[in-house]
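K.L.:
Below is final_20.txt; it holds compact mmCIF, C-alpha atoms.
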```
# COMPACT_ATOMS: atom_id res chain seq x y z
CA MET A 948 0.00 0.00 0.00
CA PRO A 949 1.48 3.37 -0.97
CA GLY A 950 2.42 5.77 1.80
CA PRO A 951 1.10 9.30 2.26
CA LEU A 952 1.70 11.79 -0.56
CA ARG A 953 4.80 13.76 0.17
CA PRO A 954 5.56 17.16 -1.38
CA PRO A 955 8.43 17.25 -3.87
CA SER A 956 11.87 17.94 -2.52
CA ARG A 957 13.86 21.12 -2.94
CA ARG A 958 15.54 19.67 -6.01
CA GLN A 959 12.15 19.62 -7.72
CA GLY A 960 11.76 23.39 -7.43
CA VAL A 961 9.67 23.80 -4.30
CA SER A 962 10.40 26.94 -2.33
CA ARG A 963 12.57 26.66 0.76
CA GLY A 964 9.86 28.42 2.76
CA GLY A 965 10.81 30.47 5.76
CA LEU A 966 12.65 30.08 9.00
CA ILE A 967 11.83 30.86 12.61
CA GLU A 968 14.75 31.45 14.92
CA ILE A 969 14.18 31.62 18.66
CA GLN A 970 17.03 32.76 20.85
CA GLY A 971 16.67 32.42 24.60
CA PRO A 972 18.67 31.80 27.74
CA ASP A 973 18.82 28.09 26.86
CA GLY A 974 20.29 28.64 23.41
CA SER A 975 18.81 29.03 19.97
CA ARG A 976 16.42 26.91 17.96
CA GLN A 977 15.47 27.00 14.30
CA ILE A 978 12.08 25.90 12.97
CA PRO A 979 11.24 25.69 9.24
CA THR A 980 8.02 27.29 8.00
CA PHE A 981 6.12 27.44 4.73
CA THR A 982 3.84 30.11 3.29
CA CYS A 983 0.55 28.81 1.91
CA CYS A 984 0.32 29.54 -1.82
CA HIS A 985 -3.44 30.08 -1.54
CA CYS A 986 -3.95 32.18 1.62
CA ASN A 987 -0.42 33.60 2.19
CA GLY A 988 -0.49 32.41 5.81
CA VAL A 989 2.76 31.30 7.42
CA PHE A 990 2.79 27.85 9.02
CA VAL A 991 5.32 25.70 10.80
CA VAL A 992 6.30 22.72 8.67
CA PRO A 993 4.76 19.72 10.44
CA ALA A 994 6.93 16.79 11.40
CA GLY A 995 4.87 14.50 9.17
CA ALA A 996 4.23 15.94 5.73
CA THR A 997 0.73 14.46 5.80
CA GLU A 998 -0.53 17.49 7.77
CA MET A 999 0.24 19.77 4.84
CA GLY A 1000 -1.32 20.11 1.39
CA PHE A 1001 0.43 20.56 -1.89
CA CYS A 1002 -0.83 22.36 -5.00
CA GLY A 1003 0.41 20.79 -8.20
CA ARG A 1004 -0.42 23.89 -10.25
CA CYS A 1005 1.39 26.37 -8.01
CA HIS A 1006 3.99 23.68 -7.32
CA ALA A 1007 3.96 24.92 -3.75
CA ARG A 1008 2.80 23.91 -0.31
CA GLU A 1009 -0.67 24.82 0.92
CA CYS A 1010 -2.15 24.78 4.41
CA VAL A 1011 -4.63 22.14 5.52
CA ARG A 1012 -7.46 24.69 5.69
CA CYS A 1013 -6.96 25.75 2.06
CA ALA A 1014 -6.57 22.14 0.99
CA LYS A 1015 -9.99 21.38 2.49
CA ARG A 1016 -11.59 24.67 1.33
CA LEU A 1017 -10.44 24.45 -2.28
CA ASN A 1018 -10.60 20.66 -2.52
CA GLY A 1019 -8.03 20.27 -5.27
CA ARG A 1020 -8.80 23.52 -7.09
CA CYS A 1021 -6.12 26.18 -7.46
CA LEU A 1022 -6.71 29.82 -6.53
CA PRO A 1023 -3.32 31.53 -6.27
CA PHE A 1024 -3.08 34.20 -3.60
CA GLU A 1025 -2.05 36.87 -6.10
CA LYS A 1026 -5.28 36.25 -8.00
CA THR A 1027 -7.28 36.65 -4.77
CA LEU A 1028 -5.34 39.84 -4.09
CA ARG A 1029 -5.99 41.22 -7.59
CA ARG A 1030 -9.73 40.53 -7.24
CA TYR A 1031 -9.76 42.29 -3.87
CA GLU A 1032 -7.89 45.32 -5.23
CA GLN A 1033 -10.24 45.56 -8.22
CA ARG A 1034 -13.27 45.37 -5.95
CA GLN A 1035 -11.91 48.07 -3.64
CA ALA A 1036 -11.07 50.30 -6.64
CA PHE A 1037 -14.60 49.77 -7.98
CA LEU A 1038 -16.17 50.61 -4.61
CA ARG A 1039 -14.05 53.77 -4.36
CA ALA A 1040 -14.96 54.81 -7.91
CA THR A 1041 -18.66 54.34 -7.29
CA GLY A 1042 -18.49 56.19 -3.98
CA MET B 491 12.75 47.17 -5.28
CA SER B 492 13.90 48.83 -2.06
CA LEU B 493 14.20 47.46 1.44
CA TYR B 494 12.99 49.35 4.48
CA SER B 495 13.13 48.73 8.18
CA VAL B 496 10.32 49.75 10.56
CA GLN B 497 9.96 49.37 14.31
CA GLY B 498 7.04 49.53 16.68
CA THR B 499 6.55 49.16 20.42
CA GLN B 500 3.63 48.43 22.71
CA THR B 501 3.26 48.23 26.49
CA THR B 502 -0.45 47.41 26.74
CA ALA B 503 -2.25 44.17 25.94
CA SER B 504 -4.95 44.10 23.23
CA LYS B 505 -3.23 46.93 21.38
CA THR B 506 -1.25 46.98 18.15
CA ALA B 507 2.52 47.42 18.30
CA LEU B 508 3.21 48.05 14.62
CA THR B 509 1.17 48.68 11.49
CA ILE B 510 2.44 48.51 7.93
CA VAL B 511 0.05 50.40 5.67
CA SER B 512 0.00 49.87 1.93
CA ALA B 513 -0.84 52.39 -0.82
CA SER B 514 -2.84 52.07 -4.03
CA THR B 515 0.26 52.07 -6.24
CA ILE B 516 2.41 49.39 -4.62
CA ARG B 517 2.29 45.91 -3.12
CA PRO B 518 4.69 45.94 -0.19
CA ARG B 519 6.09 42.60 0.93
CA LEU B 520 6.95 41.62 4.46
CA LEU B 521 10.27 39.81 4.34
CA ALA B 522 11.10 39.30 8.00
CA PHE B 523 10.18 40.34 11.49
CA ASN B 524 11.73 40.23 14.95
CA LEU B 525 9.82 40.10 18.21
CA SER B 526 11.54 41.00 21.46
CA GLN B 527 10.97 42.99 24.59
CA SER B 528 12.85 45.69 26.48
CA GLY B 529 12.82 46.35 30.21
CA THR B 530 12.86 44.04 33.22
CA VAL B 531 10.95 40.79 32.74
CA SER B 532 8.42 40.34 35.55
CA THR B 533 7.50 36.65 34.99
CA ASP B 534 8.19 33.93 32.43
CA ALA B 535 4.65 34.21 31.05
CA GLY B 536 4.92 34.67 27.31
CA PHE B 537 3.69 37.63 25.30
CA GLU B 538 1.47 36.86 22.32
CA ILE B 539 1.69 38.63 18.98
CA GLN B 540 -0.81 38.10 16.18
CA VAL B 541 0.09 39.19 12.66
CA LYS B 542 -3.20 40.11 11.00
CA ARG B 543 -4.51 41.94 7.96
CA PHE B 544 -6.55 45.11 8.32
CA THR B 545 -8.65 47.31 6.05
CA ALA B 546 -8.48 50.56 8.03
CA ALA B 547 -5.26 51.69 9.66
CA GLY B 548 -6.52 53.16 12.96
CA THR B 549 -4.50 55.81 14.82
CA THR B 550 -0.83 55.27 15.55
CA THR B 551 2.37 57.18 16.12
CA ALA B 552 3.90 57.59 12.67
CA VAL B 553 7.13 55.69 12.01
CA THR B 554 9.29 56.72 9.07
CA PRO B 555 10.50 53.59 7.23
CA ALA B 556 14.29 53.62 7.17
CA ALA B 557 15.79 52.65 3.82
CA VAL B 558 18.35 49.86 4.21
CA ASP B 559 20.26 51.39 1.26
CA SER B 560 20.67 55.07 2.04
CA GLY B 561 20.50 55.82 -1.69
CA ASP B 562 16.92 54.58 -1.96
CA PRO B 563 14.00 57.02 -2.13
CA ALA B 564 11.51 57.50 0.69
CA ALA B 565 9.04 54.64 1.11
CA VAL B 566 5.57 54.85 -0.42
CA PHE B 567 4.03 52.63 2.26
CA THR B 568 3.65 54.06 5.76
CA ALA B 569 4.04 52.58 9.22
CA GLY B 570 2.80 53.30 12.70
CA SER B 571 3.63 52.28 16.25
CA ASN B 572 1.78 52.08 19.56
CA ALA B 573 -1.81 52.25 18.30
CA THR B 574 -4.27 54.36 20.28
CA VAL B 575 -7.19 53.54 17.97
CA GLU B 576 -7.02 49.95 16.73
CA PRO B 577 -6.93 49.10 13.01
CA THR B 578 -10.00 47.33 11.61
CA TYR B 579 -8.76 43.77 11.42
CA THR B 580 -10.25 41.33 8.95
CA SER B 581 -11.47 38.15 10.60
CA ASN B 582 -9.74 34.87 9.69
CA THR B 583 -6.63 36.61 8.38
CA THR B 584 -4.18 35.81 11.15
CA LEU B 585 -0.95 35.13 9.31
CA ARG B 586 1.04 34.19 12.41
CA ASP B 587 0.08 33.82 16.05
CA VAL B 588 3.19 33.64 18.19
CA VAL B 589 3.71 33.31 21.92
CA VAL B 590 7.23 34.32 22.89
CA ASN B 591 8.95 33.87 26.23
CA PRO B 592 9.88 37.44 27.27
CA ARG B 593 13.45 36.35 27.91
CA SER B 594 13.77 35.24 24.28
CA THR B 595 13.78 36.85 20.87
CA PHE B 596 11.76 35.50 17.97
CA ARG B 597 12.67 36.02 14.33
CA TRP B 598 10.85 34.92 11.20
CA VAL B 599 12.39 35.33 7.78
CA ALA B 600 11.14 34.34 4.33
CA LEU B 601 13.89 32.49 2.54
CA GLU B 602 12.43 33.00 -0.94
CA GLN B 603 10.24 35.55 -2.68
CA ARG B 604 7.33 33.09 -2.89
CA ASP B 605 7.19 32.93 0.89
CA GLU B 606 6.91 36.61 1.64
CA ILE B 607 3.72 38.11 3.07
CA ILE B 608 2.14 40.30 0.39
CA LEU B 609 0.07 43.40 1.16
CA PRO B 610 -2.64 44.52 -1.29
CA ALA B 611 -2.21 47.62 -3.45
CA THR B 612 -5.09 49.32 -1.67
CA ALA B 613 -4.85 52.44 0.49
CA SER B 614 -5.29 51.99 4.26
CA ASN B 615 -4.92 48.21 3.95
CA GLY B 616 -2.03 46.39 5.50
CA VAL B 617 -0.67 44.15 8.21
CA GLY B 618 -0.63 44.79 11.93
CA PHE B 619 1.28 43.22 14.83
CA PHE B 620 -1.36 42.94 17.52
CA LEU B 621 -0.15 42.40 21.09
CA ASN B 622 -2.86 40.09 22.37
CA VAL B 623 -1.27 39.14 25.69
CA LEU B 624 1.52 41.07 27.45
CA GLY B 625 2.49 38.26 29.84
CA GLY B 626 5.70 38.96 31.72
CA ALA B 627 6.94 41.45 29.14
CA THR B 628 7.31 45.16 29.85
CA SER B 629 7.57 46.72 26.41
CA VAL B 630 7.25 44.56 23.32
CA VAL B 631 9.37 45.59 20.34
CA VAL B 632 8.54 44.58 16.76
CA ASP B 633 11.10 45.10 14.03
CA ALA B 634 10.03 44.37 10.44
CA THR B 635 11.79 44.38 7.08
CA VAL B 636 9.57 45.43 4.19
CA MET B 637 10.27 45.50 0.46
CA GLU B 638 8.41 47.70 -2.01
```
As a first step, turn the structure in this file into structure tokens.

P.N.:
Amino acid sequence: MPGPLRPPSRRQGVSRGGLIEIQGPDGSRQIPTFTCCHCNGVFVVPAGATEMGFCGRCHARECVRCAKRLNGRCLPFEKTLRRYEQRQAFLRATG
Amino acid sequence: MSLYSVQGTQTTASKTALTIVSASTIRPRLLAFNLSQSGTVSTDAGFEIQVKRFTAAGTTTAVTPAAVDSGDPAAVFTAGSNATVEPTYTSNTTLRDVVVNPRSTFRWVALEQRDEIILPATASNGVGFFLNVLGGATSVVVDATVME
């Protein structure tokens, strides 16, 4: 039986994501993060990749909430942003 | 593309420490931010910062974005610290919710362009660093790097 779907590795062109660095009295710790390609939220990369979605069109990682909400569809964040900007511009123009 | 550094502080819970306000002509990008605190730590209880989007900027003390390259022009986006009137936050847009031990510093950095937090090209819209819980901190300091 095949295992859970894992996102492609860095060599396959997936972004390196982000990095959290916590420095305290007990030393420093680094935690990898990823930015969801559909909502632009920043999430800690889970230990098991099964808790994270992957969009084949964006070729990027998506959060679980977007994976459930979009259910396989692709709505890039920049497209959402453009729609929002156009709507705000329209509302301003119409008073 | 120019890089700017902005800082904000807050000493009261349920108030915003730093706002980054976009303009209609640009899409600023948040590249990195640092969370720390100054002053004597009272307890080990953590302070909580929520990074959220807003649609109205509220009232803050103006912060002039400092260009990382001194040859760059003044920033188009604006920033504010220590909000007295809170921005109008959009529900379900919390980009990060972080609890930090006041004896520690927290830093987040996007390693690639695809992972930056993008602000819309709409006036008065932007991202705020909301101090939800003060904990044992005295004065929370937020330092952000923004590209436009």

K.L.:
Hey, what's within 12 Å of A:Cys984 if we count all atoms listed in the file and toss same-chain stuff fewer than 3 positions away? As a PyMOL selection string, please?

P.N.:
(chain A and resi 961-962+964+981+987-990+999-1014+1017+1021-1028) or (chain B and resi 603-608)

K.L.:
Using only C-alpha atoms, find which residues of chain B lie within 9 Å of chain A and jot them down as a list in words.

P.N.:
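Filtering chain B at 9 Å from chain A with only C-alpha atoms gives Ser514, Thr583, Thr584, Leu585, Arg586, Val590, Asn591, Pro592, Arg593, Ser594, Thr595, Phe596, Arg597, Trp598, Val599, Ala600, Leu601, Glu602, Gln603, Arg604, Asp605, Glu606, Ile607, Ile608, Leu609, Pro610, Ala611 and Thr612 of chain B.
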
K.L.:
Please provide the set of residues having any atom within 12 Å of B:Ser560, restricted to all atoms listed in the file, with same-chain residues fewer than 3 positions apart removed, written as an NGL selection string.

P.N.:
:B and (492-495 or 555-557 or 563-565)

K.L.:
I'd like to know which of B:Gly570, B:Pro577, B:Gly616, B:Gly626 is closest to B:Gly536, using only C-alpha atoms.

P.N.:
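Using only C-alpha atoms, the shortest distance to B:Gly536 belongs to B:Gly626.
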
K.L.:
Report, in Å with one decimal, the straight-line distance from atom CA of B:Gly548 to atom CA of B:Gln500.

P.N.:
14.8 Å

K.L.:
Take atom CA of B:Thr545 and atom CA of B:Leu621 and report the distance between them in Å, one decimal.

P.N.:
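So the answer is 18.0 Å.
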
K.L.:
Would you mind reading off the distance between atom CA of B:Gly618 and atom CA of B:Thr550, one decimal, in Å?

P.N.:
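Those two atoms sit 11.1 Å apart.
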
K.L.:
B:Val630: which residues within 9 Å, counting all atoms listed in the file, same-chain residues fewer than 3 positions away excluded, as number ranges by chain?

P.N.:
B: 498-502, 507, 525-528, 537, 592, 621, 624, 627

K.L.:
Selected residues, C-alpha atoms, written as a CSV table (one decimal), in the frame of the given file, please.

P.N.:
```csv
chain,number,residue,atom,x,y,z
B,498,GLY,CA,7.0,49.5,16.7
B,499,THR,CA,6.6,49.2,20.4
B,500,GLN,CA,3.6,48.4,22.7
B,501,THR,CA,3.3,48.2,26.5
B,502,THR,CA,-0.4,47.4,26.7
B,507,ALA,CA,2.5,47.4,18.3
B,525,LEU,CA,9.8,40.1,18.2
B,526,SER,CA,11.5,41.0,21.5
B,527,GLN,CA,11.0,43.0,24.6
B,528,SER,CA,12.8,45.7,26.5
B,537,PHE,CA,3.7,37.6,25.3
B,592,PRO,CA,9.9,37.4,27.3
B,621,LEU,CA,-0.2,42.4,21.1
B,624,LEU,CA,1.5,41.1,27.4
B,627,ALA,CA,6.9,41.4,29.1
```

K.L.:
In file coordinates, which residues lie within 8 Å of (-5.4, 45.3, 10.7) using all atoms listed in the file, given as an NGL selection string?

P.N.:
:B and (509 or 542-547 or 576-580 or 615-618)
